[in-house]
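K.L.:
What follows is protein-v6.cif, made up of mmCIF, C-alpha atoms:
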```
data_work
#
loop_
_atom_site.group_PDB
_atom_site.id
_atom_site.type_symbol
_atom_site.label_atom_id
_atom_site.label_comp_id
_atom_site.auth_asym_id
_atom_site.auth_seq_id
_atom_site.Cartn_x
_atom_site.Cartn_y
_atom_site.Cartn_z
ATOM 1 C CA GLN A 1 29.728 30.539 -42.395
ATOM 2 C CA LYS A 2 26.708 30.228 -40.123
ATOM 3 C CA GLU A 3 27.021 31.599 -36.589
ATOM 4 C CA VAL A 4 26.161 28.206 -35.099
ATOM 5 C CA GLU A 5 26.925 24.877 -36.769
ATOM 6 C CA GLN A 6 25.329 21.617 -35.661
ATOM 7 C CA ASP A 7 25.428 18.268 -37.420
ATOM 8 C CA PRO A 8 21.779 17.352 -38.123
ATOM 9 C CA GLY A 9 22.457 13.603 -37.986
ATOM 10 C CA PRO A 10 20.412 11.474 -37.716
ATOM 11 C CA LEU A 11 22.205 9.722 -34.887
ATOM 12 C CA SER A 12 21.087 6.217 -33.943
ATOM 13 C CA VAL A 13 22.314 4.471 -30.788
ATOM 14 C CA PRO A 14 21.279 1.436 -28.728
ATOM 15 C CA GLU A 15 19.696 1.866 -25.314
ATOM 16 C CA GLY A 16 22.303 2.440 -22.603
ATOM 17 C CA ALA A 17 24.846 4.091 -24.918
ATOM 18 C CA ILE A 18 26.615 7.346 -24.155
ATOM 19 C CA VAL A 19 25.598 10.026 -26.628
ATOM 20 C CA SER A 20 27.709 13.026 -27.550
ATOM 21 C CA LEU A 21 26.118 16.007 -29.288
ATOM 22 C CA ASN A 22 28.148 19.001 -30.404
ATOM 23 C CA CYS A 23 27.953 22.518 -31.783
ATOM 24 C CA THR A 24 30.562 24.966 -32.976
ATOM 25 C CA TYR A 25 30.108 28.704 -33.216
ATOM 26 C CA SER A 26 31.899 31.688 -34.671
ATOM 27 C CA ASN A 27 30.749 34.643 -32.538
ATOM 28 C CA SER A 28 33.157 35.106 -29.636
ATOM 29 C CA ALA A 29 30.612 37.397 -27.927
ATOM 30 C CA PHE A 30 28.391 34.432 -27.051
ATOM 31 C CA GLN A 31 28.336 33.926 -23.281
ATOM 32 C CA TYR A 32 25.175 31.911 -22.607
ATOM 33 C CA PHE A 33 24.861 28.396 -23.967
ATOM 34 C CA MET A 34 21.769 26.232 -23.878
ATOM 35 C CA TRP A 35 20.575 22.830 -24.971
ATOM 36 C CA TYR A 36 16.933 22.299 -25.828
ATOM 37 C CA ARG A 37 15.138 19.033 -26.528
ATOM 38 C CA GLN A 38 12.306 19.035 -29.040
ATOM 39 C CA TYR A 39 9.975 16.117 -29.517
ATOM 40 C CA SER A 40 8.135 15.780 -32.816
ATOM 41 C CA ARG A 41 5.416 18.441 -33.213
ATOM 42 C CA LYS A 42 6.230 19.975 -29.825
ATOM 43 C CA GLY A 43 7.932 23.149 -28.667
ATOM 44 C CA PRO A 44 11.575 23.099 -27.496
ATOM 45 C CA GLU A 45 12.133 22.231 -23.835
ATOM 46 C CA LEU A 46 15.150 23.626 -21.979
ATOM 47 C CA LEU A 47 17.503 20.881 -20.789
ATOM 48 C CA MET A 48 20.647 22.667 -19.706
ATOM 49 C CA TYR A 49 22.134 26.135 -19.702
ATOM 50 C CA THR A 50 25.658 27.249 -18.959
ATOM 51 C CA TYR A 51 27.232 30.636 -18.551
ATOM 52 C CA SER A 52 30.716 31.028 -20.047
ATOM 53 C CA SER A 53 33.113 28.066 -20.021
ATOM 54 C CA GLY A 54 32.963 24.965 -17.897
ATOM 55 C CA ASN A 55 30.893 21.880 -17.199
ATOM 56 C CA LYS A 56 27.431 21.439 -15.776
ATOM 57 C CA GLU A 57 25.835 18.160 -14.787
ATOM 58 C CA ASP A 58 22.177 17.323 -14.234
ATOM 59 C CA GLY A 59 21.306 13.679 -13.790
ATOM 60 C CA ARG A 60 22.221 11.803 -16.960
ATOM 61 C CA PHE A 61 23.050 15.022 -18.815
ATOM 62 C CA THR A 62 26.367 16.896 -18.862
ATOM 63 C CA ALA A 63 26.947 20.127 -20.758
ATOM 64 C CA GLN A 64 30.435 21.347 -21.584
ATOM 65 C CA VAL A 65 31.528 24.703 -22.977
ATOM 66 C CA ASP A 66 34.990 25.413 -24.362
ATOM 67 C CA LYS A 67 35.033 29.072 -25.321
ATOM 68 C CA SER A 68 38.657 28.956 -26.463
ATOM 69 C CA SER A 69 37.675 26.422 -29.126
ATOM 70 C CA LYS A 70 34.158 27.859 -29.645
ATOM 71 C CA TYR A 71 32.768 24.376 -29.067
ATOM 72 C CA ILE A 72 29.955 23.095 -26.867
ATOM 73 C CA SER A 73 28.858 19.560 -26.102
ATOM 74 C CA LEU A 74 25.994 17.696 -24.492
ATOM 75 C CA PHE A 75 26.591 14.200 -23.163
ATOM 76 C CA ILE A 76 23.744 11.827 -22.375
ATOM 77 C CA ARG A 77 24.634 8.817 -20.234
ATOM 78 C CA ASP A 78 22.624 5.596 -20.150
ATOM 79 C CA SER A 79 20.483 6.754 -23.057
ATOM 80 C CA GLN A 80 16.824 5.692 -23.070
ATOM 81 C CA PRO A 81 14.275 5.344 -25.885
ATOM 82 C CA SER A 82 12.485 8.337 -24.337
ATOM 83 C CA ASP A 83 15.576 10.426 -25.195
ATOM 84 C CA SER A 84 14.706 10.050 -28.891
ATOM 85 C CA ALA A 85 14.150 13.637 -30.023
ATOM 86 C CA THR A 86 15.828 16.537 -31.772
ATOM 87 C CA TYR A 87 18.463 18.316 -29.682
ATOM 88 C CA LEU A 88 19.015 21.988 -30.376
ATOM 89 C CA CYS A 89 21.964 24.001 -29.161
ATOM 90 C CA ALA A 90 21.332 27.702 -28.624
ATOM 91 C CA MET A 91 23.449 30.605 -27.530
ATOM 92 C CA SER A 92 23.295 34.325 -26.917
ATOM 93 C CA ALA A 93 25.592 37.237 -26.278
ATOM 94 C CA GLY A 94 23.216 38.854 -23.810
ATOM 95 C CA GLN A 95 21.665 37.456 -20.687
ATOM 96 C CA ALA A 96 20.123 34.020 -20.823
ATOM 97 C CA GLY A 97 16.758 34.344 -22.524
ATOM 98 C CA THR A 98 17.561 37.243 -24.837
ATOM 99 C CA ALA A 99 17.625 36.615 -28.589
ATOM 100 C CA LEU A 100 18.899 33.090 -29.012
ATOM 101 C CA ILE A 101 20.805 31.798 -32.015
ATOM 102 C CA PHE A 102 19.990 28.147 -32.600
ATOM 103 C CA GLY A 103 21.751 25.351 -34.410
ATOM 104 C CA LYS A 104 19.790 23.245 -36.895
ATOM 105 C CA GLY A 105 19.323 20.475 -34.346
ATOM 106 C CA THR A 106 20.541 16.875 -34.199
ATOM 107 C CA THR A 107 17.952 14.112 -34.469
ATOM 108 C CA LEU A 108 18.660 11.300 -32.023
ATOM 109 C CA SER A 109 17.078 7.859 -32.074
ATOM 110 C CA VAL A 110 17.643 5.450 -29.164
ATOM 111 C CA SER A 111 16.572 1.878 -29.868
ATOM 112 C CA SER A 112 15.591 -0.612 -27.177
ATOM 113 C CA ASP B 1 0.419 26.164 -13.689
ATOM 114 C CA ALA B 2 -0.302 26.671 -17.379
ATOM 115 C CA GLY B 3 2.762 27.009 -19.520
ATOM 116 C CA VAL B 4 3.015 29.119 -22.660
ATOM 117 C CA THR B 5 -0.160 28.669 -24.697
ATOM 118 C CA GLN B 6 -0.520 29.449 -28.385
ATOM 119 C CA SER B 7 -3.440 29.555 -30.785
ATOM 120 C CA PRO B 8 -4.339 28.373 -33.286
ATOM 121 C CA THR B 9 -2.301 25.160 -33.369
ATOM 122 C CA HIS B 10 -2.652 24.717 -37.118
ATOM 123 C CA LEU B 11 -3.817 26.949 -39.920
ATOM 124 C CA ILE B 12 -3.744 27.105 -43.687
ATOM 125 C CA LYS B 13 -3.623 30.348 -45.654
ATOM 126 C CA THR B 14 -3.082 31.312 -49.280
ATOM 127 C CA ARG B 15 -0.399 33.593 -50.660
ATOM 128 C CA GLY B 16 -1.100 37.268 -50.119
ATOM 129 C CA GLN B 17 -3.341 36.729 -47.117
ATOM 130 C CA GLN B 18 -2.688 37.982 -43.606
ATOM 131 C CA VAL B 19 -2.459 35.910 -40.418
ATOM 132 C CA THR B 20 -2.580 36.631 -36.684
ATOM 133 C CA LEU B 21 -1.117 34.222 -34.141
ATOM 134 C CA ARG B 22 -1.721 34.543 -30.415
ATOM 135 C CA CYS B 23 0.301 33.730 -27.327
ATOM 136 C CA SER B 24 -0.328 33.741 -23.588
ATOM 137 C CA PRO B 25 2.874 33.660 -21.570
ATOM 138 C CA LYS B 26 3.576 31.407 -18.624
ATOM 139 C CA SER B 27 2.207 32.724 -15.340
ATOM 140 C CA GLY B 28 4.585 35.270 -13.824
ATOM 141 C CA HIS B 29 6.324 36.010 -17.125
ATOM 142 C CA ASP B 30 6.291 39.480 -18.644
ATOM 143 C CA THR B 31 8.512 39.163 -21.715
ATOM 144 C CA VAL B 32 7.448 37.430 -24.911
ATOM 145 C CA SER B 33 9.566 36.417 -27.895
ATOM 146 C CA TRP B 34 8.545 34.943 -31.229
ATOM 147 C CA TYR B 35 10.572 32.495 -33.282
ATOM 148 C CA GLN B 36 10.064 30.971 -36.731
ATOM 149 C CA GLN B 37 11.084 27.339 -37.233
ATOM 150 C CA ALA B 38 11.140 26.069 -40.809
ATOM 151 C CA LEU B 39 11.076 22.322 -41.379
ATOM 152 C CA GLY B 40 14.434 20.749 -40.516
ATOM 153 C CA GLN B 41 15.843 24.009 -39.169
ATOM 154 C CA GLY B 42 16.419 25.526 -35.769
ATOM 155 C CA PRO B 43 14.179 28.353 -34.562
ATOM 156 C CA GLN B 44 14.996 31.862 -35.817
ATOM 157 C CA PHE B 45 14.375 34.907 -33.632
ATOM 158 C CA ILE B 46 11.723 37.276 -34.973
ATOM 159 C CA PHE B 47 11.260 39.814 -32.157
ATOM 160 C CA GLN B 48 10.788 40.304 -28.450
ATOM 161 C CA TYR B 49 8.251 42.369 -26.511
ATOM 162 C CA TYR B 50 8.556 43.793 -23.016
ATOM 163 C CA GLU B 51 6.364 46.442 -21.404
ATOM 164 C CA GLU B 52 4.251 46.493 -24.580
ATOM 165 C CA GLU B 53 7.174 47.605 -26.734
ATOM 166 C CA GLU B 54 9.273 45.780 -29.300
ATOM 167 C CA ARG B 55 12.704 45.603 -27.653
ATOM 168 C CA GLN B 56 14.714 43.462 -30.033
ATOM 169 C CA ARG B 57 14.191 42.354 -33.618
ATOM 170 C CA GLY B 58 15.785 39.696 -35.760
ATOM 171 C CA ASN B 59 16.354 39.770 -39.497
ATOM 172 C CA PHE B 60 12.711 39.673 -40.601
ATOM 173 C CA PRO B 61 10.915 42.064 -42.974
ATOM 174 C CA ASP B 62 8.317 44.600 -41.892
ATOM 175 C CA ARG B 63 5.592 42.186 -43.007
ATOM 176 C CA PHE B 64 6.139 40.639 -39.590
ATOM 177 C CA SER B 65 4.719 42.759 -36.809
ATOM 178 C CA GLY B 66 3.595 42.185 -33.292
ATOM 179 C CA HIS B 67 1.893 43.529 -30.266
ATOM 180 C CA GLN B 68 1.949 42.966 -26.529
ATOM 181 C CA PHE B 69 -1.080 43.669 -24.387
ATOM 182 C CA PRO B 70 -1.228 44.933 -20.782
ATOM 183 C CA ASN B 71 -1.826 41.358 -19.564
ATOM 184 C CA TYR B 72 1.492 40.379 -21.244
ATOM 185 C CA SER B 73 -0.160 38.284 -23.945
ATOM 186 C CA SER B 74 1.083 38.852 -27.463
ATOM 187 C CA GLU B 75 0.137 38.626 -31.116
ATOM 188 C CA LEU B 76 2.255 38.022 -34.185
ATOM 189 C CA ASN B 77 0.917 39.367 -37.472
ATOM 190 C CA VAL B 78 2.234 38.451 -40.877
ATOM 191 C CA ASN B 79 0.999 40.349 -43.937
ATOM 192 C CA ALA B 80 1.210 39.474 -47.632
ATOM 193 C CA LEU B 81 1.999 35.841 -46.925
ATOM 194 C CA LEU B 82 4.603 34.077 -49.058
ATOM 195 C CA LEU B 83 5.068 30.359 -49.571
ATOM 196 C CA GLY B 84 8.325 30.667 -47.613
ATOM 197 C CA ASP B 85 6.410 31.812 -44.535
ATOM 198 C CA SER B 86 5.220 28.225 -44.035
ATOM 199 C CA ALA B 87 6.734 27.213 -40.694
ATOM 200 C CA LEU B 88 6.152 26.498 -37.044
ATOM 201 C CA TYR B 89 5.820 29.780 -35.157
ATOM 202 C CA LEU B 90 6.973 29.498 -31.590
ATOM 203 C CA CYS B 91 6.188 31.843 -28.756
ATOM 204 C CA ALA B 92 8.515 31.910 -25.757
ATOM 205 C CA SER B 93 8.212 33.760 -22.475
ATOM 206 C CA ARG B 94 10.388 34.650 -19.505
ATOM 207 C CA TRP B 95 10.433 37.038 -16.564
ATOM 208 C CA THR B 96 12.518 40.191 -16.461
ATOM 209 C CA SER B 97 13.329 41.959 -13.221
ATOM 210 C CA GLY B 98 16.027 44.431 -12.290
ATOM 211 C CA GLY B 99 18.025 43.741 -15.405
ATOM 212 C CA LEU B 100 18.013 40.013 -14.810
ATOM 213 C CA THR B 101 16.097 37.517 -16.882
ATOM 214 C CA GLY B 102 14.847 34.017 -16.350
ATOM 215 C CA GLU B 103 14.990 31.055 -18.660
ATOM 216 C CA LEU B 104 12.984 30.957 -21.864
ATOM 217 C CA PHE B 105 9.971 28.651 -21.929
ATOM 218 C CA PHE B 106 8.491 27.766 -25.309
ATOM 219 C CA GLY B 107 4.938 27.002 -26.318
ATOM 220 C CA GLU B 108 3.910 24.141 -28.612
ATOM 221 C CA GLY B 109 3.777 26.442 -31.613
ATOM 222 C CA SER B 110 1.360 27.396 -34.367
ATOM 223 C CA ARG B 111 1.945 25.528 -37.595
ATOM 224 C CA LEU B 112 1.254 27.783 -40.580
ATOM 225 C CA THR B 113 0.946 26.399 -44.090
ATOM 226 C CA VAL B 114 0.821 28.868 -46.979
ATOM 227 C CA LEU B 115 -0.552 27.507 -50.265
#
```
Would you write the structure of this file as structure tokens?
P.N.:
Amino acid sequence: QKEVEQDPGPLSVPEGAIVSLNCTYSNSAFQYFMWYRQYSRKGPELLMYTYSSGNKEDGRFTAQVDKSSKYISLFIRDSQPSDSATYLCAMSAGQAGTALIFGKGTTLSVSS
Amino acid sequence: DAGVTQSPTHLIKTRGQQVTLRCSPKSGHDTVSWYQQALGQGPQFIFQYYEEEERQRGNFPDRFSGHQFPNYSSELNVNALLLGDSALYLCASRWTSGGLTGELFFGEGSRLTVL
């Protein structure tokens, strides 16, 4: 079993839809949880990071962490065509920014 | 403010050759990490440099080596290239101070093709 599991999709939604992206993990030592967005042929861009369990909201994005279930989610409200990208979950046991373990990424396509 | 810059952006090598990739961290950052991203996969941690020393290493063979210079820039070297080394190599930087660390910022990557 991989340390971090993420459904690669692809996921296709119409503009304005609510998108839910998820990852599960097996290492209970993970404390820092991140979501990165990666456009084609670009480097990953940090969207959200959360320490331990709980929710965090930033504009149209909400990140949730449930450590008891070893499950993290990213919700995108009012999705836009510009949200079309690959979304990578990442996590670490040490402080945010130390060696990250990434999921495979979910490819999202938002059609207008 | 320049972000993380990497060079070259693309390169093609043949099996058995050696390659050097370069990275300049974001201004104010002193810690550099390297990741390998194969097609359709998430990035995999190779190693991290701080104060010119390798501080953490992922599950990569000794063919992968690196260096950090006094100006915090870094190089990744890969010897005896294999076809499986074809990937996007990402450099990421952050600041470290008093045991605390900032967020990781990634560069655009160097795309290596091994023929």
K.L.:
The PyMOL selection byres ((chain B and resi 64-81) around 9) on the file shown: which residues, as a VMD selection string?
P.N.:
chain B and resid 13 to 25 29 to 34 46 to 54 60 to 63 82 to 86 91 114
K.L.:
What are the nearest atom pairs, with distances in Å to one decimal, for all residues of chain A that come at most 8 Å from chain B, using all atoms listed in the file, set out by chain and rising residue number as a tab-separated table?
P.N.:
```
residue	atom	partner	partner_atom	distance
A:Arg41	CA	B:Glu108	CA	7.5
A:Lys42	CA	B:Glu108	CA	4.9
A:Gly43	CA	B:Glu108	CA	4.1
A:Pro44	CA	B:Phe106	CA	6.0
A:Glu45	CA	B:Phe106	CA	6.8
A:Leu46	CA	B:Phe105	CA	7.2
A:Leu88	CA	B:Gly42	CA	7.0
A:Gln95	CA	B:Thr101	CA	6.7
A:Ala96	CA	B:Glu103	CA	6.3
A:Gly97	CA	B:Leu104	CA	5.1
A:Ala99	CA	B:Phe45	CA	6.2
A:Leu100	CA	B:Phe45	CA	6.7
A:Ile101	CA	B:Gln44	CA	6.9
A:Phe102	CA	B:Gly42	CA	5.4
A:Gly103	CA	B:Gly42	CA	5.5
A:Lys104	CA	B:Gly42	CA	4.2
A:Gly105	CA	B:Gly42	CA	6.0
```
K.L.:
With C-alpha atoms retained, could you export that selection as a short mmCIF file (atom, residue, chain, number, x, y, z; two decimals), in the frame of the given file?
P.N.:
```
data_model
loop_
_atom_site.label_atom_id
_atom_site.label_comp_id
_atom_site.auth_asym_id
_atom_site.auth_seq_id
_atom_site.Cartn_x
_atom_site.Cartn_y
_atom_site.Cartn_z
CA ARG A 41 5.42 18.44 -33.21
CA LYS A 42 6.23 19.98 -29.82
CA GLY A 43 7.93 23.15 -28.67
CA PRO A 44 11.58 23.10 -27.50
CA GLU A 45 12.13 22.23 -23.84
CA LEU A 46 15.15 23.63 -21.98
CA LEU A 88 19.02 21.99 -30.38
CA GLN A 95 21.66 37.46 -20.69
CA ALA A 96 20.12 34.02 -20.82
CA GLY A 97 16.76 34.34 -22.52
CA ALA A 99 17.62 36.62 -28.59
CA LEU A 100 18.90 33.09 -29.01
CA ILE A 101 20.80 31.80 -32.02
CA PHE A 102 19.99 28.15 -32.60
CA GLY A 103 21.75 25.35 -34.41
CA LYS A 104 19.79 23.24 -36.90
CA GLY A 105 19.32 20.48 -34.35
#
```
K.L.:
Work out how far atom CA of Ser111 of chain A is from atom CA of Gly16 of chain A, in Å to one decimal.
P.N.:
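Those two atoms sit 9.3 Å apart.
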K.L.:
So what does the PyMOL selection byres ((chain A and resi 86) around 8) actually pick up in this one, as a list in words?
P.N.:
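Applied to this file, the PyMOL selection byres ((chain A and resi 86) around 8) returns Arg37, Gln38, Tyr39, Ser40, Ser84, Ala85, Tyr87, Leu88, Gly105, Thr106, Thr107 and Leu108 of chain A.
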K.L.:
Please report the interatomic distance between atom CA of Phe75 of chain A and atom CA of Asn27 of chain A in Å with one decimal.
P.N.:
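Distance between the two atoms: 22.9 Å.
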K.L.:
Using Å and a single decimal, report how far atom CA of Arg77 of chain A sits from atom CA of Gln64 of chain A.
P.N.:
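These two atoms are separated by 13.9 Å.
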K.L.:
Let me make sure I understand: among A:Ser26, A:Ser12, A:Asn55, A:Ser20, which one has the smallest atom-to-atom distance to Leu74 of chain A if we use only C-alpha atoms?
P.N.:
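Closest candidate: A:Ser20.
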K.L.:
Name the residues in contact with Ser79 of chain A at a cut-off of 10 Å, using all atoms listed in the file, excluding same-chain residues fewer than 3 positions from it; report them as a list in words.
P.N.:
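Listed by chain and then number, they are Val13, Pro14, Glu15, Gly16, Ala17, Ile18, Val19, Arg60, Phe61, Phe75, Ile76, Ser82, Asp83, Ser84, Ser109, Val110, Ser111 and Ser112 of chain A.
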K.L.:
Keeping only C-alpha atoms, write those residues as a compact mmCIF listing (two decimals), in the coordinates of the input.
P.N.:
```
# COMPACT_ATOMS: atom_id res chain seq x y z
CA VAL A 13 22.31 4.47 -30.79
CA PRO A 14 21.28 1.44 -28.73
CA GLU A 15 19.70 1.87 -25.31
CA GLY A 16 22.30 2.44 -22.60
CA ALA A 17 24.85 4.09 -24.92
CA ILE A 18 26.62 7.35 -24.16
CA VAL A 19 25.60 10.03 -26.63
CA ARG A 60 22.22 11.80 -16.96
CA PHE A 61 23.05 15.02 -18.82
CA PHE A 75 26.59 14.20 -23.16
CA ILE A 76 23.74 11.83 -22.38
CA SER A 82 12.48 8.34 -24.34
CA ASP A 83 15.58 10.43 -25.20
CA SER A 84 14.71 10.05 -28.89
CA SER A 109 17.08 7.86 -32.07
CA VAL A 110 17.64 5.45 -29.16
CA SER A 111 16.57 1.88 -29.87
CA SER A 112 15.59 -0.61 -27.18
```
K.L.:
With the PyMOL selection byres ((chain A and resi 53) around 12) as the selection, what would be picked from this file? Answer as a list in words, please.
P.N.:
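Residues picked by the PyMOL selection byres ((chain A and resi 53) around 12): Ser28, Phe30, Gln31, Tyr32, Phe33, Tyr49, Thr50, Tyr51, Ser52, Gly54, Asn55, Lys56, Ala63, Gln64, Val65, Asp66, Lys67, Ser68, Ser69, Lys70, Tyr71, Ile72 and Ser73 of chain A.
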K.L.:
Under the rule that all atoms listed in the file are counted, which of B:Asn59, B:Ile12, B:Thr113, B:Ser97 is the nearest residue to Gly28 of chain B?
P.N.:
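Smallest distance to Gly28 of chain B is found for B:Ser97.
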K.L.:
At most 6 Å from (17.7, 24.9, -26.0), file frame, only C-alpha atoms: which residues, as a compact mmCIF listing (two decimals) with C-alpha atoms, in the coordinates of the input?
P.N.:
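Output file selection_2.txt is given in full below:
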```
# COMPACT_ATOMS: atom_id res chain seq x y z
CA MET A 34 21.77 26.23 -23.88
CA TRP A 35 20.58 22.83 -24.97
CA TYR A 36 16.93 22.30 -25.83
CA LEU A 46 15.15 23.63 -21.98
CA LEU A 88 19.02 21.99 -30.38
CA CYS A 89 21.96 24.00 -29.16
CA ALA A 90 21.33 27.70 -28.62
```
K.L.:
Complete segment 5-24 of chain A at the level of N, CA and C atoms, written as a JSON list (two decimals), in the coordinates of the input.
P.N.:
```json
[["chain", "number", "residue", "atom", "x", "y", "z"],
["A", 5, "GLU", "N", 26.94, 26.07, -35.93],
["A", 5, "GLU", "CA", 26.92, 24.88, -36.77],
["A", 5, "GLU", "C", 26.63, 23.66, -35.91],
["A", 6, "GLN", "N", 25.71, 22.83, -36.39],
["A", 6, "GLN", "CA", 25.33, 21.62, -35.66],
["A", 6, "GLN", "C", 25.03, 20.53, -36.67],
["A", 7, "ASP", "N", 25.65, 19.38, -36.51],
["A", 7, "ASP", "CA", 25.43, 18.27, -37.42],
["A", 7, "ASP", "C", 24.00, 17.75, -37.22],
["A", 8, "PRO", "N", 23.18, 17.74, -38.29],
["A", 8, "PRO", "CA", 21.78, 17.35, -38.12],
["A", 8, "PRO", "C", 21.55, 15.87, -37.92],
["A", 9, "GLY", "N", 22.62, 15.04, -38.13],
["A", 9, "GLY", "CA", 22.46, 13.60, -37.99],
["A", 9, "GLY", "C", 21.68, 13.03, -39.17],
["A", 10, "PRO", "N", 20.87, 12.00, -39.00],
["A", 10, "PRO", "CA", 20.41, 11.47, -37.72],
["A", 10, "PRO", "C", 21.46, 10.60, -37.03],
["A", 11, "LEU", "N", 21.32, 10.51, -35.71],
["A", 11, "LEU", "CA", 22.20, 9.72, -34.89],
["A", 11, "LEU", "C", 21.38, 8.60, -34.26],
["A", 12, "SER", "N", 21.81, 7.37, -34.48],
["A", 12, "SER", "CA", 21.09, 6.22, -33.94],
["A", 12, "SER", "C", 21.98, 5.44, -33.00],
["A", 13, "VAL", "N", 21.52, 5.18, -31.79],
["A", 13, "VAL", "CA", 22.31, 4.47, -30.79],
["A", 13, "VAL", "C", 21.44, 3.43, -30.09],
["A", 14, "PRO", "N", 22.06, 2.39, -29.52],
["A", 14, "PRO", "CA", 21.28, 1.44, -28.73],
["A", 14, "PRO", "C", 21.05, 1.97, -27.32],
["A", 15, "GLU", "N", 20.01, 1.47, -26.69],
["A", 15, "GLU", "CA", 19.70, 1.87, -25.31],
["A", 15, "GLU", "C", 20.91, 1.61, -24.42],
["A", 16, "GLY", "N", 21.19, 2.57, -23.52],
["A", 16, "GLY", "CA", 22.30, 2.44, -22.60],
["A", 16, "GLY", "C", 23.59, 3.09, -23.10],
["A", 17, "ALA", "N", 23.64, 3.48, -24.36],
["A", 17, "ALA", "CA", 24.85, 4.09, -24.92],
["A", 17, "ALA", "C", 25.06, 5.49, -24.37],
["A", 18, "ILE", "N", 26.29, 5.95, -24.46],
["A", 18, "ILE", "CA", 26.62, 7.35, -24.16],
["A", 18, "ILE", "C", 26.54, 8.12, -25.47],
["A", 19, "VAL", "N", 25.80, 9.22, -25.43],
["A", 19, "VAL", "CA", 25.60, 10.03, -26.63],
["A", 19, "VAL", "C", 26.35, 11.34, -26.48],
["A", 20, "SER", "N", 27.01, 11.75, -27.53],
["A", 20, "SER", "CA", 27.71, 13.03, -27.55],
["A", 20, "SER", "C", 27.15, 13.89, -28.68],
["A", 21, "LEU", "N", 26.66, 15.06, -28.32],
["A", 21, "LEU", "CA", 26.12, 16.01, -29.29],
["A", 21, "LEU", "C", 26.96, 17.28, -29.23],
["A", 22, "ASN", "N", 27.20, 17.89, -30.38],
["A", 22, "ASN", "CA", 28.15, 19.00, -30.40],
["A", 22, "ASN", "C", 27.68, 20.14, -31.28],
["A", 23, "CYS", "N", 28.16, 21.33, -30.96],
["A", 23, "CYS", "CA", 27.95, 22.52, -31.78],
["A", 23, "CYS", "C", 29.24, 23.33, -31.80],
["A", 24, "THR", "N", 29.48, 23.99, -32.91],
["A", 24, "THR", "CA", 30.56, 24.97, -32.98],
["A", 24, "THR", "C", 29.95, 26.31, -33.31]]
```
